[in-house]
>>> print(open('model.pdb').read())   # PDB, N, CA and C atoms
ATOM      1  N   MET A 676       0.850  -1.170   0.000
ATOM      2  CA  MET A 676       0.000   0.000   0.000
ATOM      3  C   MET A 676       0.900   1.238   0.000
ATOM      4  N   SER A 677       0.650   2.121  -0.922
ATOM      5  CA  SER A 677       1.462   3.336  -1.032
ATOM      6  C   SER A 677       0.968   4.397  -0.050
ATOM      7  N   ALA A 678       1.761   5.439   0.107
ATOM      8  CA  ALA A 678       1.374   6.546   0.984
ATOM      9  C   ALA A 678       0.105   7.209   0.473
ATOM     10  N   GLY A 679      -0.029   7.314  -0.831
ATOM     11  CA  GLY A 679      -1.236   7.894  -1.428
ATOM     12  C   GLY A 679      -2.471   7.050  -1.144
ATOM     13  N   ASP A 680      -2.302   5.720  -1.226
ATOM     14  CA  ASP A 680      -3.417   4.830  -0.913
ATOM     15  C   ASP A 680      -3.850   4.971   0.548
ATOM     16  N   LEU A 681      -2.866   5.087   1.425
ATOM     17  CA  LEU A 681      -3.158   5.243   2.845
ATOM     18  C   LEU A 681      -3.890   6.561   3.110
ATOM     19  N   GLU A 682      -3.431   7.636   2.478
ATOM     20  CA  GLU A 682      -4.096   8.930   2.638
ATOM     21  C   GLU A 682      -5.522   8.882   2.112
ATOM     22  N   ALA A 683      -5.739   8.235   0.992
ATOM     23  CA  ALA A 683      -7.083   8.121   0.422
ATOM     24  C   ALA A 683      -7.993   7.308   1.348
ATOM     25  N   TYR A 684      -7.450   6.234   1.911
ATOM     26  CA  TYR A 684      -8.224   5.413   2.845
ATOM     27  C   TYR A 684      -8.616   6.219   4.079
ATOM     28  N   GLU A 685      -7.657   6.939   4.673
ATOM     29  CA  GLU A 685      -7.944   7.733   5.864
ATOM     30  C   GLU A 685      -8.947   8.844   5.566
ATOM     31  N   ALA A 686      -8.856   9.454   4.400
ATOM     32  CA  ALA A 686      -9.816  10.492   4.015
ATOM     33  C   ALA A 686     -11.220   9.899   3.896
ATOM     34  N   GLU A 687     -11.335   8.711   3.343
ATOM     35  CA  GLU A 687     -12.639   8.051   3.207
ATOM     36  C   GLU A 687     -13.211   7.679   4.574
ATOM     37  N   VAL A 688     -12.362   7.190   5.475
ATOM     38  CA  VAL A 688     -12.814   6.849   6.828
ATOM     39  C   VAL A 688     -13.272   8.108   7.555
ATOM     40  N   GLU A 689     -12.534   9.187   7.425
ATOM     41  CA  GLU A 689     -12.897  10.450   8.075
ATOM     42  C   GLU A 689     -14.222  10.978   7.523
ATOM     43  N   LEU A 690     -14.429  10.888   6.230
ATOM     44  CA  LEU A 690     -15.690  11.320   5.629
ATOM     45  C   LEU A 690     -16.849  10.449   6.113
ATOM     46  N   SER A 691     -16.626   9.170   6.216
ATOM     47  CA  SER A 691     -17.639   8.261   6.729
ATOM     48  C   SER A 691     -17.990   8.600   8.175
ATOM     49  N   LEU A 692     -16.980   8.925   8.983
ATOM     50  CA  LEU A 692     -17.200   9.304  10.372
ATOM     51  C   LEU A 692     -18.002  10.602  10.456
ATOM     52  N   TYR A 693     -17.691  11.564   9.619
ATOM     53  CA  TYR A 693     -18.449  12.813   9.595
ATOM     54  C   TYR A 693     -19.919  12.544   9.247
ATOM     55  N   ARG A 694     -20.159  11.692   8.294
ATOM     56  CA  ARG A 694     -21.546  11.364   7.911
ATOM     57  C   ARG A 694     -22.286  10.700   9.074
ATOM     58  N   GLU A 695     -21.590   9.812   9.780
ATOM     59  CA  GLU A 695     -22.202   9.173  10.953
ATOM     60  C   GLU A 695     -22.524  10.227  12.007
ATOM     61  N   TYR A 696     -21.580  11.135  12.263
ATOM     62  CA  TYR A 696     -21.794  12.225  13.227
ATOM     63  C   TYR A 696     -23.036  13.027  12.854
ATOM     64  N   ARG A 697     -23.134  13.402  11.613
ATOM     65  CA  ARG A 697     -24.278  14.191  11.133
ATOM     66  C   ARG A 697     -25.588  13.445  11.347
ATOM     67  N   ASP A 698     -25.565  12.134  11.160
ATOM     68  CA  ASP A 698     -26.775  11.324  11.324
ATOM     69  C   ASP A 698     -27.176  11.147  12.783
ATOM     70  N   VAL A 699     -26.200  11.024  13.684
ATOM     71  CA  VAL A 699     -26.517  10.759  15.095
ATOM     72  C   VAL A 699     -26.685  12.028  15.927
ATOM     73  N   LEU A 700     -26.243  13.163  15.440
ATOM     74  CA  LEU A 700     -26.296  14.404  16.211
ATOM     75  C   LEU A 700     -27.676  14.691  16.817
ATOM     76  N   PRO A 701     -28.779  14.519  16.093
ATOM     77  CA  PRO A 701     -30.091  14.822  16.684
ATOM     78  C   PRO A 701     -30.460  13.934  17.876
ATOM     79  N   MET A 702     -29.746  12.851  18.100
ATOM     80  CA  MET A 702     -30.043  11.936  19.199
ATOM     81  C   MET A 702     -29.462  12.419  20.535
ATOM     82  N   PHE A 703     -28.649  13.482  20.520
ATOM     83  CA  PHE A 703     -27.908  13.876  21.703
ATOM     84  C   PHE A 703     -28.211  15.301  22.142
ATOM     85  N   ARG A 704     -27.945  15.582  23.412
ATOM     86  CA  ARG A 704     -28.231  16.880  24.010
ATOM     87  C   ARG A 704     -26.998  17.760  24.155
ATOM     88  N   TYR A 705     -25.818  17.166  24.319
ATOM     89  CA  TYR A 705     -24.592  17.935  24.567
ATOM     90  C   TYR A 705     -23.469  17.537  23.616
ATOM     91  N   VAL A 706     -22.627  18.530  23.341
ATOM     92  CA  VAL A 706     -21.357  18.318  22.653
ATOM     93  C   VAL A 706     -20.277  18.565  23.706
ATOM     94  N   VAL A 707     -19.337  17.627  23.836
ATOM     95  CA  VAL A 707     -18.260  17.744  24.817
ATOM     96  C   VAL A 707     -16.936  17.600  24.076
ATOM     97  N   GLU A 708     -16.062  18.575  24.299
ATOM     98  CA  GLU A 708     -14.765  18.554  23.641
ATOM     99  C   GLU A 708     -13.669  18.603  24.693
ATOM    100  N   THR A 709     -12.745  17.644  24.617
ATOM    101  CA  THR A 709     -11.567  17.637  25.472
ATOM    102  C   THR A 709     -10.350  17.741  24.555
ATOM    103  N   GLU A 710      -9.157  17.766  25.142
ATOM    104  CA  GLU A 710      -7.967  17.885  24.294
ATOM    105  C   GLU A 710      -7.725  16.638  23.451
ATOM    106  N   ARG A 711      -8.312  15.513  23.830
ATOM    107  CA  ARG A 711      -8.053  14.270  23.100
ATOM    108  C   ARG A 711      -9.216  13.777  22.264
ATOM    109  N   ARG A 712     -10.453  14.103  22.662
ATOM    110  CA  ARG A 712     -11.614  13.524  21.991
ATOM    111  C   ARG A 712     -12.751  14.528  21.883
ATOM    112  N   PHE A 713     -13.704  14.148  21.057
ATOM    113  CA  PHE A 713     -14.933  14.896  20.832
ATOM    114  C   PHE A 713     -16.075  13.917  21.090
ATOM    115  N   TYR A 714     -17.051  14.324  21.894
ATOM    116  CA  TYR A 714     -18.148  13.439  22.273
ATOM    117  C   TYR A 714     -19.490  14.106  22.038
ATOM    118  N   LEU A 715     -20.488  13.295  21.825
ATOM    119  CA  LEU A 715     -21.887  13.691  21.909
ATOM    120  C   LEU A 715     -22.438  12.903  23.087
ATOM    121  N   ALA A 716     -23.270  13.530  23.923
ATOM    122  CA  ALA A 716     -23.778  12.828  25.097
ATOM    123  C   ALA A 716     -25.135  13.383  25.510
ATOM    124  N   ASN A 717     -25.883  12.576  26.234
ATOM    125  CA  ASN A 717     -27.161  13.017  26.775
ATOM    126  C   ASN A 717     -27.062  13.388  28.248
ATOM    127  N   GLU A 718     -26.017  12.953  28.918
ATOM    128  CA  GLU A 718     -25.774  13.306  30.322
ATOM    129  C   GLU A 718     -24.320  13.726  30.453
ATOM    130  N   VAL A 719     -24.092  14.860  31.135
ATOM    131  CA  VAL A 719     -22.724  15.347  31.329
ATOM    132  C   VAL A 719     -22.603  15.943  32.727
ATOM    133  N   GLU A 720     -21.544  15.570  33.415
ATOM    134  CA  GLU A 720     -21.192  16.183  34.693
ATOM    135  C   GLU A 720     -19.713  16.538  34.637
ATOM    136  N   VAL A 721     -19.398  17.764  35.040
ATOM    137  CA  VAL A 721     -18.008  18.213  35.092
ATOM    138  C   VAL A 721     -17.713  18.600  36.534
ATOM    139  N   ALA A 722     -16.674  18.010  37.093
ATOM    140  CA  ALA A 722     -16.277  18.327  38.467
ATOM    141  C   ALA A 722     -14.817  18.757  38.471
ATOM    142  N   GLN A 723     -14.563  19.874  39.136
ATOM    143  CA  GLN A 723     -13.189  20.339  39.283
ATOM    144  C   GLN A 723     -12.590  19.664  40.507
ATOM    145  N   ARG A 724     -11.408  19.089  40.351
ATOM    146  CA  ARG A 724     -10.707  18.401  41.437
ATOM    147  C   ARG A 724      -9.355  19.060  41.636
ATOM    148  N   SER A 725      -8.802  18.902  42.833
ATOM    149  CA  SER A 725      -7.462  19.419  43.067
ATOM    150  C   SER A 725      -6.777  18.576  44.123
ATOM    151  N   GLY A 726      -5.478  18.564  44.045
ATOM    152  CA  GLY A 726      -4.656  17.825  44.986
ATOM    153  C   GLY A 726      -3.199  17.975  44.631
ATOM    154  N   GLU A 727      -2.355  17.987  45.645
ATOM    155  CA  GLU A 727      -0.912  18.105  45.441
ATOM    156  C   GLU A 727      -0.549  19.321  44.590
ATOM    157  N   GLY A 728      -1.303  20.411  44.782
ATOM    158  CA  GLY A 728      -1.000  21.638  44.075
ATOM    159  C   GLY A 728      -1.444  21.684  42.625
ATOM    160  N   ARG A 729      -2.201  20.705  42.172
ATOM    161  CA  ARG A 729      -2.659  20.667  40.776
ATOM    162  C   ARG A 729      -4.171  20.627  40.743
ATOM    163  N   THR A 730      -4.733  21.144  39.672
ATOM    164  CA  THR A 730      -6.174  21.125  39.465
ATOM    165  C   THR A 730      -6.461  20.366  38.176
ATOM    166  N   TRP A 731      -7.485  19.531  38.199
ATOM    167  CA  TRP A 731      -7.899  18.801  37.008
ATOM    168  C   TRP A 731      -9.411  18.721  36.984
ATOM    169  N   PHE A 732      -9.941  18.249  35.865
ATOM    170  CA  PHE A 732     -11.374  18.102  35.687
ATOM    171  C   PHE A 732     -11.717  16.632  35.498
ATOM    172  N   GLU A 733     -12.798  16.236  36.124
ATOM    173  CA  GLU A 733     -13.345  14.897  35.928
ATOM    174  C   GLU A 733     -14.660  15.082  35.185
ATOM    175  N   VAL A 734     -14.722  14.534  33.988
ATOM    176  CA  VAL A 734     -15.913  14.647  33.146
ATOM    177  C   VAL A 734     -16.545  13.264  33.053
ATOM    178  N   THR A 735     -17.804  13.189  33.438
ATOM    179  CA  THR A 735     -18.542  11.933  33.364
ATOM    180  C   THR A 735     -19.695  12.126  32.385
ATOM    181  N   MET A 736     -19.800  11.218  31.432
ATOM    182  CA  MET A 736     -20.853  11.301  30.419
ATOM    183  C   MET A 736     -21.622   9.990  30.361
ATOM    184  N   GLY A 737     -22.899  10.095  30.094
ATOM    185  CA  GLY A 737     -23.729   8.918  29.916
ATOM    186  C   GLY A 737     -24.409   8.955  28.569
ATOM    187  N   ASP A 738     -24.659   7.776  28.024
ATOM    188  CA  ASP A 738     -25.315   7.659  26.721
ATOM    189  C   ASP A 738     -24.576   8.523  25.711
ATOM    190  N   ALA A 739     -23.386   8.085  25.325
ATOM    191  CA  ALA A 739     -22.486   8.931  24.537
ATOM    192  C   ALA A 739     -22.084   8.289  23.208
ATOM    193  N   TRP A 740     -21.589   9.132  22.336
ATOM    194  CA  TRP A 740     -21.013   8.751  21.056
ATOM    195  C   TRP A 740     -19.641   9.414  20.984
ATOM    196  N   VAL A 741     -18.622   8.666  20.563
ATOM    197  CA  VAL A 741     -17.235   9.154  20.557
ATOM    198  C   VAL A 741     -16.755   9.339  19.122
ATOM    199  N   TRP A 742     -16.202  10.527  18.834
ATOM    200  CA  TRP A 742     -15.599  10.774  17.518
ATOM    201  C   TRP A 742     -14.208  10.164  17.545
ATOM    202  N   ASP A 743     -14.071   8.992  16.978
ATOM    203  CA  ASP A 743     -12.783   8.306  16.930
ATOM    204  C   ASP A 743     -12.834   7.322  15.777
ATOM    205  N   MET A 744     -12.093   7.609  14.731
ATOM    206  CA  MET A 744     -12.172   6.774  13.531
ATOM    207  C   MET A 744     -11.547   5.399  13.714
ATOM    208  N   TYR A 745     -10.841   5.185  14.806
ATOM    209  CA  TYR A 745     -10.196   3.895  15.029
ATOM    210  C   TYR A 745     -10.993   2.980  15.951
ATOM    211  N   ARG A 746     -12.111   3.461  16.492
ATOM    212  CA  ARG A 746     -12.957   2.640  17.368
ATOM    213  C   ARG A 746     -13.961   1.876  16.517
ATOM    214  N   PRO A 747     -14.101   0.581  16.740
ATOM    215  CA  PRO A 747     -15.117  -0.169  15.993
ATOM    216  C   PRO A 747     -16.535   0.153  16.475
ATOM    217  N   ALA A 748     -16.694   0.491  17.753
ATOM    218  CA  ALA A 748     -18.010   0.836  18.307
ATOM    219  C   ALA A 748     -17.910   2.216  18.945
ATOM    220  N   ARG A 749     -18.636   3.175  18.401
ATOM    221  CA  ARG A 749     -18.540   4.539  18.907
ATOM    222  C   ARG A 749     -19.619   4.883  19.942
ATOM    223  N   PHE A 750     -20.676   4.096  20.026
ATOM    224  CA  PHE A 750     -21.702   4.325  21.039
ATOM    225  C   PHE A 750     -21.254   3.667  22.339
ATOM    226  N   VAL A 751     -21.266   4.435  23.436
ATOM    227  CA  VAL A 751     -20.855   3.903  24.728
ATOM    228  C   VAL A 751     -21.880   4.292  25.793
ATOM    229  N   ARG A 752     -22.036   3.429  26.767
ATOM    230  CA  ARG A 752     -22.996   3.670  27.845
ATOM    231  C   ARG A 752     -22.510   4.760  28.787
ATOM    232  N   SER A 753     -21.225   4.719  29.152
ATOM    233  CA  SER A 753     -20.682   5.744  30.041
ATOM    234  C   SER A 753     -19.210   5.981  29.728
ATOM    235  N   VAL A 754     -18.785   7.221  29.997
ATOM    236  CA  VAL A 754     -17.399   7.637  29.746
ATOM    237  C   VAL A 754     -16.951   8.476  30.931
ATOM    238  N   ARG A 755     -15.725   8.256  31.367
ATOM    239  CA  ARG A 755     -15.125   9.078  32.416
ATOM    240  C   ARG A 755     -13.779   9.574  31.890
ATOM    241  N   VAL A 756     -13.610  10.893  31.895
ATOM    242  CA  VAL A 756     -12.392  11.513  31.387
ATOM    243  C   VAL A 756     -11.776  12.342  32.506
ATOM    244  N   LEU A 757     -10.485  12.180  32.716
ATOM    245  CA  LEU A 757      -9.725  13.018  33.637
ATOM    246  C   LEU A 757      -8.758  13.830  32.800
ATOM    247  N   THR A 758      -8.760  15.156  32.999
ATOM    248  CA  THR A 758      -7.909  16.001  32.177
ATOM    249  C   THR A 758      -7.420  17.208  32.958
ATOM    250  N   PHE A 759      -6.209  17.641  32.662
ATOM    251  CA  PHE A 759      -5.645  18.850  33.227
ATOM    252  C   PHE A 759      -5.891  20.038  32.301
ATOM    253  N   ARG A 760      -6.506  19.793  31.172
ATOM    254  CA  ARG A 760      -6.713  20.844  30.170
ATOM    255  C   ARG A 760      -8.171  21.272  30.114
ATOM    256  N   ASP A 761      -8.449  22.179  29.205
ATOM    257  CA  ASP A 761      -9.803  22.714  29.060
ATOM    258  C   ASP A 761     -10.797  21.641  28.656
ATOM    259  N   VAL A 762     -12.030  21.838  29.116
ATOM    260  CA  VAL A 762     -13.157  21.007  28.719
ATOM    261  C   VAL A 762     -14.247  21.959  28.253
ATOM    262  N   ASN A 763     -14.794  21.710  27.091
ATOM    263  CA  ASN A 763     -15.860  22.536  26.543
ATOM    264  C   ASN A 763     -17.135  21.711  26.481
ATOM    265  N   VAL A 764     -18.200  22.191  27.127
ATOM    266  CA  VAL A 764     -19.504  21.517  27.096
ATOM    267  C   VAL A 764     -20.505  22.501  26.526
ATOM    268  N   GLU A 765     -21.196  22.090  25.473
ATOM    269  CA  GLU A 765     -22.209  22.935  24.852
ATOM    270  C   GLU A 765     -23.513  22.159  24.763
ATOM    271  N   GLU A 766     -24.609  22.842  25.075
ATOM    272  CA  GLU A 766     -25.918  22.232  24.908
ATOM    273  C   GLU A 766     -26.339  22.441  23.458
ATOM    274  N   ILE A 767     -26.760  21.391  22.818
ATOM    275  CA  ILE A 767     -27.175  21.450  21.416
ATOM    276  C   ILE A 767     -28.568  22.053  21.337
ATOM    277  N   ALA A 768     -28.755  22.992  20.431
ATOM    278  CA  ALA A 768     -30.057  23.631  20.257
ATOM    279  C   ALA A 768     -31.067  22.614  19.743
ATOM    280  N   ASN A 769     -32.250  22.672  20.310
ATOM    281  CA  ASN A 769     -33.350  21.831  19.874
ATOM    282  C   ASN A 769     -33.858  22.391  18.547
ATOM    283  N   ILE A 770     -33.952  21.560  17.537
ATOM    284  CA  ILE A 770     -34.383  22.030  16.217
ATOM    285  C   ILE A 770     -35.782  22.625  16.270
ATOM    286  N   GLU A 771     -36.690  22.008  17.064
ATOM    287  CA  GLU A 771     -38.046  22.521  17.158
ATOM    288  C   GLU A 771     -38.103  23.816  17.954
ATOM    289  N   ASP A 772     -37.186  24.021  18.916
ATOM    290  CA  ASP A 772     -37.214  25.191  19.788
ATOM    291  C   ASP A 772     -35.788  25.681  20.044
ATOM    292  N   PRO A 773     -35.129  26.309  19.048
ATOM    293  CA  PRO A 773     -33.734  26.707  19.218
ATOM    294  C   PRO A 773     -33.528  27.749  20.297
ATOM    295  N   GLU A 774     -34.559  28.479  20.687
ATOM    296  CA  GLU A 774     -34.430  29.482  21.743
ATOM    297  C   GLU A 774     -34.691  28.879  23.117
ATOM    298  N   GLY A 775     -35.102  27.607  23.162
ATOM    299  CA  GLY A 775     -35.534  27.006  24.411
ATOM    300  C   GLY A 775     -34.447  26.396  25.265
ATOM    301  N   LEU A 776     -33.203  26.784  25.100
ATOM    302  CA  LEU A 776     -32.130  26.250  25.926
ATOM    303  C   LEU A 776     -32.244  26.790  27.340
ATOM    304  N   ASP A 777     -31.990  25.963  28.303
ATOM    305  CA  ASP A 777     -32.100  26.344  29.704
ATOM    306  C   ASP A 777     -30.706  26.427  30.313
ATOM    307  N   PRO A 778     -30.137  27.639  30.493
ATOM    308  CA  PRO A 778     -28.779  27.753  31.024
ATOM    309  C   PRO A 778     -28.667  27.241  32.454
ATOM    310  N   ARG A 779     -29.767  27.157  33.182
ATOM    311  CA  ARG A 779     -29.730  26.642  34.545
ATOM    312  C   ARG A 779     -29.399  25.156  34.564
ATOM    313  N   ALA A 780     -29.600  24.455  33.465
ATOM    314  CA  ALA A 780     -29.322  23.012  33.411
ATOM    315  C   ALA A 780     -27.841  22.741  33.689
ATOM    316  N   PHE A 781     -26.963  23.647  33.296
ATOM    317  CA  PHE A 781     -25.540  23.430  33.521
ATOM    318  C   PHE A 781     -25.206  23.460  34.991
ATOM    319  N   GLY A 782     -25.864  24.328  35.763
ATOM    320  CA  GLY A 782     -25.611  24.386  37.200
ATOM    321  C   GLY A 782     -25.956  23.093  37.897
ATOM    322  N   ARG A 783     -26.925  22.378  37.413
ATOM    323  CA  ARG A 783     -27.307  21.110  38.021
ATOM    324  C   ARG A 783     -26.307  20.015  37.698
ATOM    325  N   ARG A 784     -25.545  20.191  36.661
ATOM    326  CA  ARG A 784     -24.623  19.150  36.238
ATOM    327  C   ARG A 784     -23.191  19.401  36.691
ATOM    328  N   GLY A 785     -22.940  20.475  37.368
ATOM    329  CA  GLY A 785     -21.576  20.757  37.838
ATOM    330  C   GLY A 785     -21.072  22.068  37.293
ATOM    331  N   GLU A 786     -20.269  22.716  38.062
ATOM    332  CA  GLU A 786     -19.706  24.000  37.657
ATOM    333  C   GLU A 786     -18.475  23.758  36.808
ATOM    334  N   ARG A 787     -18.206  24.720  35.944
ATOM    335  CA  ARG A 787     -17.021  24.635  35.103
ATOM    336  C   ARG A 787     -15.892  25.402  35.707
TER     337      ARG A 787
END
>>> encode(input="model.pdb", output="structure tokens")
Amino acid sequence: MSAGDLEAYEAEVELSLYREYRDVLPMFRYVVETERRFYLANEVEVAQRSGEGRTWFEVTMGDAWVWDMYRPARFVRSVRVLTFRDVNVEEIANIEDPEGLDPRAFGRRGER
């Protein structure tokens, strides 16, 4: 397999993953981005932790989909991520009611 063949294969896999993402997006409530992965999830909790002079975040997600072209199964029941870097959590707008987002929902799931 040549380098060109490998690049073409990876481009096709990435395009396939994007199409899957587009198809499953309406099934989820949140988009979660960490330094290593991108997730869609219906439940998200972010907790700030500290110890030994360092601060990190513990992100727990339920009913999730993982953007990872090397995973054979991207749907997962639960995910726990520990990170020293930024975590971005966004609530996905409801197509029927894009103005109906409730910012108070984030307070119930943990402070950032």
>>> axis_aligned_box(input="model.pdb", around="stretch 719-729 of chain A", padding_each_side="4 Å", output="lines of an AutoDock Vina configuration file")
center_x = -12.3
center_y = 18.3
center_z = 38.4
size_x = 31.5
size_y = 14.8
size_z = 22.5
>>> residues_around(input="model.pdb", residues="A:Leu715", least_positions_apart="5", cutoff="8 Å", atoms="all atoms listed in the file", output="list in words")
Val699, Leu700, Met702, Phe703, Arg704, Tyr705, Val706, Val707, Glu708, Met736, Gly737, Asp738, Ala739, Trp740, Val741 and Trp742 of chain A
>>> atom_distance(input="model.pdb", atom1="atom CA of A:Phe713", atom2="atom CA of A:Ile767")
13.9 Å
>>> resolve_selection(input="model.pdb", expression="the PyMOL selection byres ((chain A and resi 718-726) around 5)", output="number ranges by chain")
A: 716-717, 727-737, 784-785
>>> atom_distance(input="model.pdb", atom1="atom CA of A:Met676", atom2="atom CA of A:Tyr693")
24.4 Å
>>> atom_distance(input="model.pdb", atom1="atom CA of A:Tyr696", atom2="atom CA of A:Glu682")
20.9 Å
>>> closest_residue(input="model.pdb", among="A:Pro701, A:Glu766, A:Met744, A:Val754", to="A:Tyr684", atoms="only C-alpha atoms")
A:Met744
>>> select_by_dssp(input="model.pdb", residues="chain A", states="alpha helix (DSSP H)", output="number ranges by chain")
A: 678-699, 779-784
>>> resolve_selection(input="model.pdb", expression="the PyMOL selection byres (((chain A and resi 711 and name CA) around 12) and name CA)", output="list in words")
Val707, Glu708, Thr709, Glu710, Arg712, Phe713, Tyr714, Val741, Trp742, Asp743, Val756, Leu757, Thr758, Phe759, Arg760, Asp761, Val762 and Asn763 of chain A
